[in-house]
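**Q** Pasting in a structure now, in structure tokens, and then I'll have a few things to ask.
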Amino acid sequence: MDCKLAWRNIWRNPRRSILTMAAVAFATTLLVFMLSWQFGSYATMINASVRIRTGHLQVQAAGYHENREIRKVVREPQAVAAILERTPGIRAYTFRAESFSLVSSKNRTYGALVAGIDPQREPAVSTIRELVRDGSFLARGDTAEAVVGHLLAKNFRAGVGDELVVLGQGRDGSIAATTVRIKGIFNSGQDEFDRGVIYLPLAWFQEVYGMQGAVNSVVAVCDSLDVVPAAKSHIQKALAGMSGLTVLDWQELTPGLVQAIKMDLISGMLFYVILIVVVAFSIMNTFLMAIFERTREFGVMMAMGTRPGRLMRILVMESLGMTLIGVLAGIVAGSLVTWYFQVNGLVISGAEEMMRQFGLPERMYPQLSLLSIGVGAGIVLLLTCLTALYSAFRVRRLKPVQALTAV
Amino acid sequence: MILQMGWRNIWRNKRRTAVILVAVIIGVWAMIFMGALMRGIADQMVKNSIATLTGHIQLQDAAFRNDPVIEHFLKAPDKLAPVLGRLPADARWTQRIRVNAVAANARHSDGVVLAGIDPGREAKISFIGDAVYQGRYLGEDDLNGIIVGRALLEKFETRLGHKLVLMSQGADGEIASRAFRIVGVFRAELQSTEKQFVFVTLPAAQQMLKTGDEVSEIAILLGNYRDAAAVANSIRAGITDQTVTVYTWQQLLPLVSSIMKMYDGFILVWFIVVFIAMGFGLVNTILMAVFERVREFGLLRSLGMKPRLVVAEVLAESFFLLAIGTLVGNLLGLASVWLLSGSGIDLSAFAQGMEFAGMSRIIIPVVYVRDVVSADLTVFLLGLLISLYPAVKAARFTPVEAMAHT
């Protein structure tokens, strides 16, 4: 009975109710879309960072992450590999060793990060093989060959087949020197990466830099982001027997990325809350008017014995009804909009250069999820409900006699 | 008369007017304040990048930009002196060498950018002038001193007074190396800057690289960055040497320019979104005001008031609401920007995240007049436009129907 009354009250002034619901729906649509967009871009960013460089988990010597010195090594990579083999959720792993060295072509010299990678294992962990645009990626059994970034190759004025001289410091502090032939040239789109990295086959790197079979990190990718914590704690327990080793997850490996995401989320929330406060005040009038223009009516109802509590309940139902319809409509519209872009992608014109530098594709895809719908709709519902309740509480102050005399 | 009616009408229901005013005020405040915050972030980014050895205008050898090596240094920088002499009075310039190098000590080695600077002139142009916080700045004829960033110092586990070896390719094609003593440590807005640059004097760099008096670039800082394009054009006109190219900061910093354009887009979208949010409330409130006065409009019509004037009267109400709302919103927005203009918003808690995004740790909001104007115009013009809907409704009441309305 109360429900019916509230429902009918909503439709006593359809134009006003529809405008109010439209305001709520607009805010919900926007939030659902924007949150899906944000979550989608975070997933892309994390993926890009994980797939180009860090992997989900890395086993390193303690202190290597803070200070990347070649002498801080994982002495027995095979023992770590055995642990990873036993760890559930690990999809693939590889070994890497790296050192900053001086690299020269015929008439150019630059400093670059020289990294030794396992030609067979690396493609399962990172995207590097697919990034090779010219020549080919390293293969099993390769020795003095290298894959370099395209900007570095351009700076060297060198192409596939040309020779580079590498001069660096080995694990024991001795001089490491070798001549390698460029086998492939990669293009990741990130200038810093394309300008500063050169890959050698791990076995050759270990020989040249006197690694004695050791590596600097064992990099692993998991089946999904969700299983990373479980895999990490499993590895941590297994590593307890081997002193001096530690396992880091992608959040510890790229703290900047995690903070940038948090910051983006917080600043996004700030915008949303301000927006919804504007909406809340916009629709507050509807709720207030719905009460004040019916003072006489309430007076009559109270005079006939309706308790103020019940009257308030009806009013709250009325306001909530409008908000709920608005939120539901917003969820549907927001999901449709998001779904459209999730299928077709969205290009922010003018931002391509920036996206490229952060290793992101030009076309971004929002990711519709229960979380984005829930959070978006939740915030709108919360703030509009507060507005509705505030208005409804004003009814308590009505006195039947005064109300009846009101015009 | 119409205006007076409008003014009086909005105050007939004070609570309703107050509520919608609050919505408009918060909306306008949000447009101005959040807009200023975004501008602040972008401005800070531009300022940092310009102060980080960019300047507003640079003169380089035509090939240096794509292939920044020693062969592409400016061959005879002295010949450019007449052009530099004709710069505006408030412009400053300096010449410097900037090459990629490897820095090494006993335990570490890493890639850096070696900057050979004219200490006196450079101090007035880039951040390094007041960034040294430990030790001292470079002297004019300092051939052995080097200034490094705090982050580099920590990374290399070294300290003031210790040696640092720099290696780079010299003019003869051989690897040139030279040991310097760390005489100063600088701090920068971004850690990447602290790790990237090491500073020596121009003569020291020229000696090490055996380049004679060649430099890699001449950087110019203007009194006002908006003049960059105009000044660059007049410099281009004054240079006969085809191998010298003049760049403005927009050309030197494509990433920053693209980010600034993106912010323009963001701000516009934000304005429109906020406007739509308050637009619903505005239309609804005026609709309510119209529909509860049906009889009154009927009466006015039967007294001979033209429909056009009815529209004008309703628009006048909306006009006053918008005027008060934008006025107060502007004042609040500017006041909150002013409150923060001293200290800014400190985001040190997210230092690494800011670093990742290339932003500085403290955001100081900056008001662009054109943002304020476009915010106000959006609210005002679009506000009046959507108010036409209730206004036309009001004008359509025929006297007979209206008088019969209860």
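Identifiers in this document derive from the order of the structure tokens: chains are assigned A, B, ..., residues are numbered from 1 separately in each chain, and ligands are numbered from 1 in order of occurrence.
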Hey, what's within 6 Å of range 10-23 of chain A if we count only C-alpha atoms and toss same-chain stuff fewer than 3 positions away? As a ChimeraX atom specification, please?

**A** /A:7,26,283,322,326 /B:280

**Q** Contacts of Ser174 in chain A at 10 Å or less, counting only C-alpha atoms, minus same-chain residues fewer than 5 places along, as an MDAnalysis selection string?

**A** chainID A and resid 168:169 209:210

**Q** Restricting it to N, CA and C atoms, dump the selection as a PDB file, in the first residue's frame.

**A**
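Contents of the output file selection01.pdb:
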ATOM      1  N   GLY A 168      82.599  -3.387 -20.945  1.00  0.00           N
ATOM      2  CA  GLY A 168      81.956  -3.176 -19.645  1.00  0.00           C
ATOM      3  C   GLY A 168      82.762  -3.786 -18.517  1.00  0.00           C
ATOM      4  N   GLN A 169      82.086  -3.884 -17.359  1.00  0.00           N
ATOM      5  CA  GLN A 169      82.755  -4.394 -16.189  1.00  0.00           C
ATOM      6  C   GLN A 169      82.113  -5.729 -15.822  1.00  0.00           C
ATOM      7  N   TYR A 209      81.034 -11.576 -19.385  1.00  0.00           N
ATOM      8  CA  TYR A 209      81.031 -10.823 -18.127  1.00  0.00           C
ATOM      9  C   TYR A 209      81.473 -11.679 -16.933  1.00  0.00           C
ATOM     10  N   GLY A 210      81.995 -12.858 -17.206  1.00  0.00           N
ATOM     11  CA  GLY A 210      82.508 -13.704 -16.130  1.00  0.00           C
ATOM     12  C   GLY A 210      81.471 -14.062 -15.084  1.00  0.00           C
TER      13      GLY A 210
END

**Q** With a distance threshold of 6 Å and counting only C-alpha atoms, extract the residues of chain A near chain B and express them as number ranges by chain.

**A** A: 23, 100, 109, 111, 256, 259-260, 278-279, 281-283

**Q** Restrict the selected residues to N, CA and C atoms and save them as a compact mmCIF listing (two decimals), in the first residue's frame.

**A**
# COMPACT_ATOMS: atom_id res chain seq x y z
N ALA A 23 18.88 13.26 -14.54
CA ALA A 23 20.11 13.79 -13.94
C ALA A 23 20.87 12.67 -13.25
N PHE A 100 75.46 -2.14 -17.32
CA PHE A 100 75.56 -0.95 -18.14
C PHE A 100 76.96 -0.89 -18.73
N THR A 109 80.07 6.00 -30.29
CA THR A 109 80.12 5.32 -29.00
C THR A 109 79.00 5.82 -28.10
N GLY A 111 76.70 4.82 -24.25
CA GLY A 111 76.48 3.94 -23.12
C GLY A 111 75.14 3.27 -23.29
N GLY A 256 56.54 3.23 -9.22
CA GLY A 256 56.03 4.44 -9.86
C GLY A 256 54.69 4.18 -10.51
N GLN A 259 51.89 3.83 -7.91
CA GLN A 259 51.50 5.12 -7.34
C GLN A 259 50.77 5.98 -8.36
N ALA A 260 51.23 5.91 -9.62
CA ALA A 260 50.56 6.70 -10.65
C ALA A 260 49.11 6.24 -10.78
N VAL A 278 27.25 18.40 -7.34
CA VAL A 278 26.49 19.31 -8.20
C VAL A 278 25.15 18.67 -8.57
N VAL A 279 25.19 17.40 -8.95
CA VAL A 279 23.95 16.70 -9.29
C VAL A 279 23.02 16.67 -8.09
N PHE A 281 22.70 18.67 -5.56
CA PHE A 281 22.01 19.94 -5.34
C PHE A 281 20.99 20.22 -6.44
N SER A 282 21.32 19.76 -7.66
CA SER A 282 20.40 19.96 -8.77
C SER A 282 19.07 19.26 -8.50
N ILE A 283 19.16 18.06 -7.93
CA ILE A 283 17.91 17.31 -7.78
C ILE A 283 17.27 17.53 -6.41

**Q** Residues within 8 Å of Leu3 in chain B, please, as number ranges by chain. Count only C-alpha atoms; anything in the same chain fewer than 5 positions from it doesn't count.

**A** B: 313, 316-317

**Q** Could you please take those selected residues and save C-alpha atoms as a CSV table (one decimal), in the first residue's frame?

**A**
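Result file follows (again.csv):
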chain,number,residue,atom,x,y,z
B,313,GLU,CA,10.4,37.3,-18.0
B,316,ALA,CA,15.2,37.0,-16.7
B,317,GLU,CA,14.7,34.7,-13.7

**Q** So that I can see what lies close to Gly244 in chain A, please list as a list in words the residues with an atom at most 12 Å from it, counting only C-alpha atoms and leaving out residues fewer than 5 positions away in the same chain.

**A** Val59, Gln60, Ala61, Ala62, Gly63, Tyr64, Lys72, Val73, Val74, Arg75, Glu76, Gln236 and Leu239 of chain A

**Q** At a cut-off of 7 Å, using only C-alpha atoms, what residues contact Ile70 in chain A? Leave out same-chain residues fewer than 3 positions from it and give the result as a PyMOL selection string.

**A** chain A and resi 73+98-99+171+216

**Q** Could you dump the residues just selected with C-alpha atoms as a PDB file, in the first residue's frame?

**A**
ATOM      1  CA  VAL A  73      73.677 -12.437  -8.489  1.00  0.00           C
ATOM      2  CA  GLU A  98      72.541  -7.163 -17.278  1.00  0.00           C
ATOM      3  CA  SER A  99      75.220  -4.535 -16.997  1.00  0.00           C
ATOM      4  CA  ARG A 171      80.999  -9.721 -12.224  1.00  0.00           C
ATOM      5  CA  ASN A 216      70.917 -11.257 -12.035  1.00  0.00           C
TER       6      ASN A 216
END

**Q** If I take CA of Glu163 in chain A and CA of Thr178 in chain A, how far is one from the other in Å, to one decimal?

**A** 10.3 Å

**Q** Please provide as a JSON list (two decimals) with C-alpha atoms, in the first residue's frame all residues within 8 Å of range 196-201 of chain A, with the sequence filter that same-chain residues fewer than 2 positions apart are discarded (counting only C-alpha atoms).

**A**
[["chain", "number", "residue", "atom", "x", "y", "z"],
["A", 111, "GLY", "CA", 76.48, 3.94, -23.12],
["A", 112, "ALA", "CA", 73.74, 1.31, -23.10],
["A", 113, "LEU", "CA", 72.20, -1.33, -20.89],
["A", 114, "VAL", "CA", 73.54, -4.66, -22.13],
["A", 115, "ALA", "CA", 71.25, -7.51, -21.13],
["A", 116, "GLY", "CA", 71.77, -11.24, -21.52],
["A", 117, "ILE", "CA", 68.56, -13.10, -22.24],
["A", 118, "ASP", "CA", 67.69, -16.72, -22.84],
["A", 119, "PRO", "CA", 66.61, -16.81, -26.52],
["A", 138, "LEU", "CA", 68.13, -14.38, -31.14],
["A", 142, "ASP", "CA", 73.62, -17.93, -31.01],
["A", 143, "THR", "CA", 76.87, -16.59, -29.64],
["A", 144, "ALA", "CA", 78.28, -13.16, -30.48],
["A", 145, "GLU", "CA", 75.05, -11.67, -31.78],
["A", 146, "ALA", "CA", 72.84, -8.86, -30.55],
["A", 147, "VAL", "CA", 69.36, -7.38, -30.85],
["A", 148, "VAL", "CA", 69.30, -3.58, -30.40],
["A", 149, "GLY", "CA", 66.67, -0.85, -30.13],
["A", 152, "LEU", "CA", 70.18, 3.06, -30.70],
["A", 192, "GLU", "CA", 63.96, 5.48, -23.56],
["A", 193, "PHE", "CA", 63.89, 1.73, -24.16],
["A", 194, "ASP", "CA", 64.59, 1.89, -27.91],
["A", 203, "ALA", "CA", 75.28, -17.82, -22.49],
["A", 204, "TRP", "CA", 77.49, -15.35, -24.35],
["A", 205, "PHE", "CA", 76.83, -12.63, -21.80]]

**Q** For Val198 in chain B, list every protein, DNA or RNA residue within 10 Å, evaluated using only C-alpha atoms, and leave out those in the same chain fewer than 6 positions away; present the list as a list in words.

**A**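 My list of contacting residues is Arg98, Ala101, Ala103, Val112, Val113, Leu114, Ala115, Gly116, Ile146, Ile147, Val148, Gly149, Leu152, Leu166, Ile182, Val185 and Phe186 of chain B.
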
**Q** Suppose you want the space between CA of Ala375 in chain B and CA of Ser267 in chain A; what is it in Å?

**A**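 These atoms are spaced 20.6 Å apart.
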
**Q** From the options A:Gln120, A:Asn187, A:Ser105, A:Ser335, which residue's atoms come nearest to Val132 in chain A, counting only C-alpha atoms?

**A**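 Under the stated criterion, the closest residue is A:Asn187.
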
**Q** Run DSSP on the backbone and grab whatever in range 98-320 of chain A lands in alpha helix (DSSP H); send it over as a ChimeraX atom specification.

**A** /A:122-125,128-131,150-156,191-196,202-208,228-239,250-253,255-292,295-303,308-320

**Q** Go ahead and write the selection's residues with C-alpha atoms as a compact mmCIF listing (two decimals), in the first residue's frame.

**A**
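See again_5.txt below for the written result:
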# COMPACT_ATOMS: atom_id res chain seq x y z
CA GLU A 122 62.39 -14.98 -23.16
CA PRO A 123 59.58 -14.95 -25.79
CA ALA A 124 57.25 -16.74 -23.37
CA VAL A 125 57.79 -13.99 -20.79
CA ILE A 128 60.56 -8.62 -27.22
CA ARG A 129 60.53 -11.21 -30.01
CA GLU A 130 57.40 -9.68 -31.57
CA LEU A 131 58.97 -6.20 -31.39
CA HIS A 150 65.94 1.03 -33.35
CA LEU A 151 66.93 4.44 -31.98
CA LEU A 152 70.18 3.06 -30.70
CA ALA A 153 70.83 1.44 -34.09
CA LYS A 154 70.08 4.78 -35.73
CA ASN A 155 72.48 6.56 -33.37
CA PHE A 156 75.14 3.97 -34.18
CA ASP A 191 62.10 6.09 -26.80
CA GLU A 192 63.96 5.48 -23.56
CA PHE A 193 63.89 1.73 -24.16
CA ASP A 194 64.59 1.89 -27.91
CA ARG A 195 67.54 4.19 -27.29
CA GLY A 196 69.17 2.40 -24.41
CA LEU A 202 72.54 -15.20 -22.05
CA ALA A 203 75.28 -17.82 -22.49
CA TRP A 204 77.49 -15.35 -24.35
CA PHE A 205 76.83 -12.63 -21.80
CA GLN A 206 77.75 -15.00 -18.97
CA GLU A 207 81.00 -15.87 -20.65
CA VAL A 208 81.99 -12.29 -21.49
CA VAL A 228 50.48 -13.34 -8.27
CA PRO A 229 50.20 -12.96 -4.46
CA ALA A 230 49.71 -16.71 -3.92
CA ALA A 231 52.60 -17.59 -6.23
CA LYS A 232 54.78 -14.99 -4.52
CA SER A 233 54.21 -16.37 -1.03
CA HIS A 234 54.79 -19.90 -2.29
CA ILE A 235 58.13 -18.91 -3.79
CA GLN A 236 59.02 -16.95 -0.67
CA LYS A 237 58.61 -20.04 1.49
CA ALA A 238 60.62 -22.17 -0.90
CA LEU A 239 63.41 -19.58 -1.06
CA TRP A 250 55.42 -6.26 -10.23
CA GLN A 251 54.22 -3.68 -7.70
CA GLU A 252 57.59 -3.66 -5.98
CA LEU A 253 59.39 -3.72 -9.31
CA PRO A 255 56.48 1.39 -7.62
CA GLY A 256 56.03 4.44 -9.86
CA LEU A 257 53.34 2.69 -11.89
CA VAL A 258 51.41 1.62 -8.80
CA GLN A 259 51.50 5.12 -7.34
CA ALA A 260 50.56 6.70 -10.65
CA ILE A 261 47.51 4.41 -10.77
CA LYS A 262 46.55 5.25 -7.20
CA MET A 263 46.94 8.93 -7.90
CA ASP A 264 44.86 8.72 -11.04
CA LEU A 265 42.17 6.86 -9.12
CA ILE A 266 42.12 9.39 -6.30
CA SER A 267 42.06 12.42 -8.58
CA GLY A 268 39.33 10.70 -10.60
CA MET A 269 37.30 10.23 -7.42
CA LEU A 270 37.74 13.89 -6.56
CA PHE A 271 36.22 14.86 -9.92
CA TYR A 272 33.38 12.37 -9.52
CA VAL A 273 32.47 13.49 -6.02
CA ILE A 274 32.39 17.15 -7.05
CA LEU A 275 30.26 16.24 -10.04
CA ILE A 276 27.82 14.26 -7.93
CA VAL A 277 27.54 17.03 -5.35
CA VAL A 278 26.49 19.31 -8.20
CA VAL A 279 23.95 16.70 -9.29
CA ALA A 280 22.76 16.25 -5.71
CA PHE A 281 22.01 19.94 -5.34
CA SER A 282 20.40 19.96 -8.77
CA ILE A 283 17.91 17.31 -7.78
CA MET A 284 17.45 18.40 -4.19
CA ASN A 285 14.88 20.93 -5.30
CA THR A 286 12.74 18.21 -6.77
CA PHE A 287 12.70 16.33 -3.52
CA LEU A 288 12.11 19.43 -1.44
CA MET A 289 9.35 20.69 -3.71
CA ALA A 290 7.67 17.33 -3.74
CA ILE A 291 7.26 17.86 -0.02
CA PHE A 292 6.54 21.54 0.31
CA THR A 295 1.96 20.38 2.88
CA ARG A 296 -1.83 20.43 2.95
CA GLU A 297 -2.01 16.89 1.74
CA PHE A 298 0.30 15.73 4.51
CA GLY A 299 -1.76 17.72 6.98
CA VAL A 300 -4.87 15.85 5.88
CA MET A 301 -3.12 12.48 6.07
CA MET A 302 -1.78 13.25 9.51
CA ALA A 303 -5.15 14.49 10.69
CA PRO A 308 4.80 10.97 10.78
CA GLY A 309 7.04 7.88 10.59
CA ARG A 310 4.85 6.31 7.94
CA LEU A 311 4.59 9.53 6.03
CA MET A 312 8.34 9.76 6.03
CA ARG A 313 8.62 6.18 4.86
CA ILE A 314 6.41 6.93 1.91
CA LEU A 315 8.46 9.98 1.05
CA VAL A 316 11.75 8.14 1.34
CA MET A 317 10.34 5.41 -0.88
CA GLU A 318 9.30 8.03 -3.37
CA SER A 319 12.73 9.66 -3.48
CA LEU A 320 14.55 6.35 -3.43

**Q** Using only C-alpha atoms, find the one residue out of B:Ser126, B:Ser318, B:Thr378, B:Ser343 that sits nearest to Ile10 in chain B.

**A**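 The answer is B:Ser318, which sits nearest to Ile10 in chain B.
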
**Q** Please, which residues of range 251-368 of chain B, numbered as in this document, come out strand (DSSP E or B) from DSSP, as a compact mmCIF listing (two decimals) with N, CA and C atoms, in the first residue's frame?

**A**
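Result saved to states_24.txt:
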# COMPACT_ATOMS: atom_id res chain seq x y z
N ILE B 345 49.47 22.30 -3.51
CA ILE B 345 49.04 21.03 -2.95
C ILE B 345 50.23 20.09 -2.99
N ASP B 346 50.62 19.62 -1.82
CA ASP B 346 51.82 18.81 -1.74
C ASP B 346 51.47 17.34 -1.96
N ILE B 362 54.61 19.22 -6.18
CA ILE B 362 53.72 20.24 -5.63
C ILE B 362 52.92 20.86 -6.77
N ILE B 363 51.61 20.86 -6.62
CA ILE B 363 50.77 21.44 -7.66
C ILE B 363 50.30 22.80 -7.19
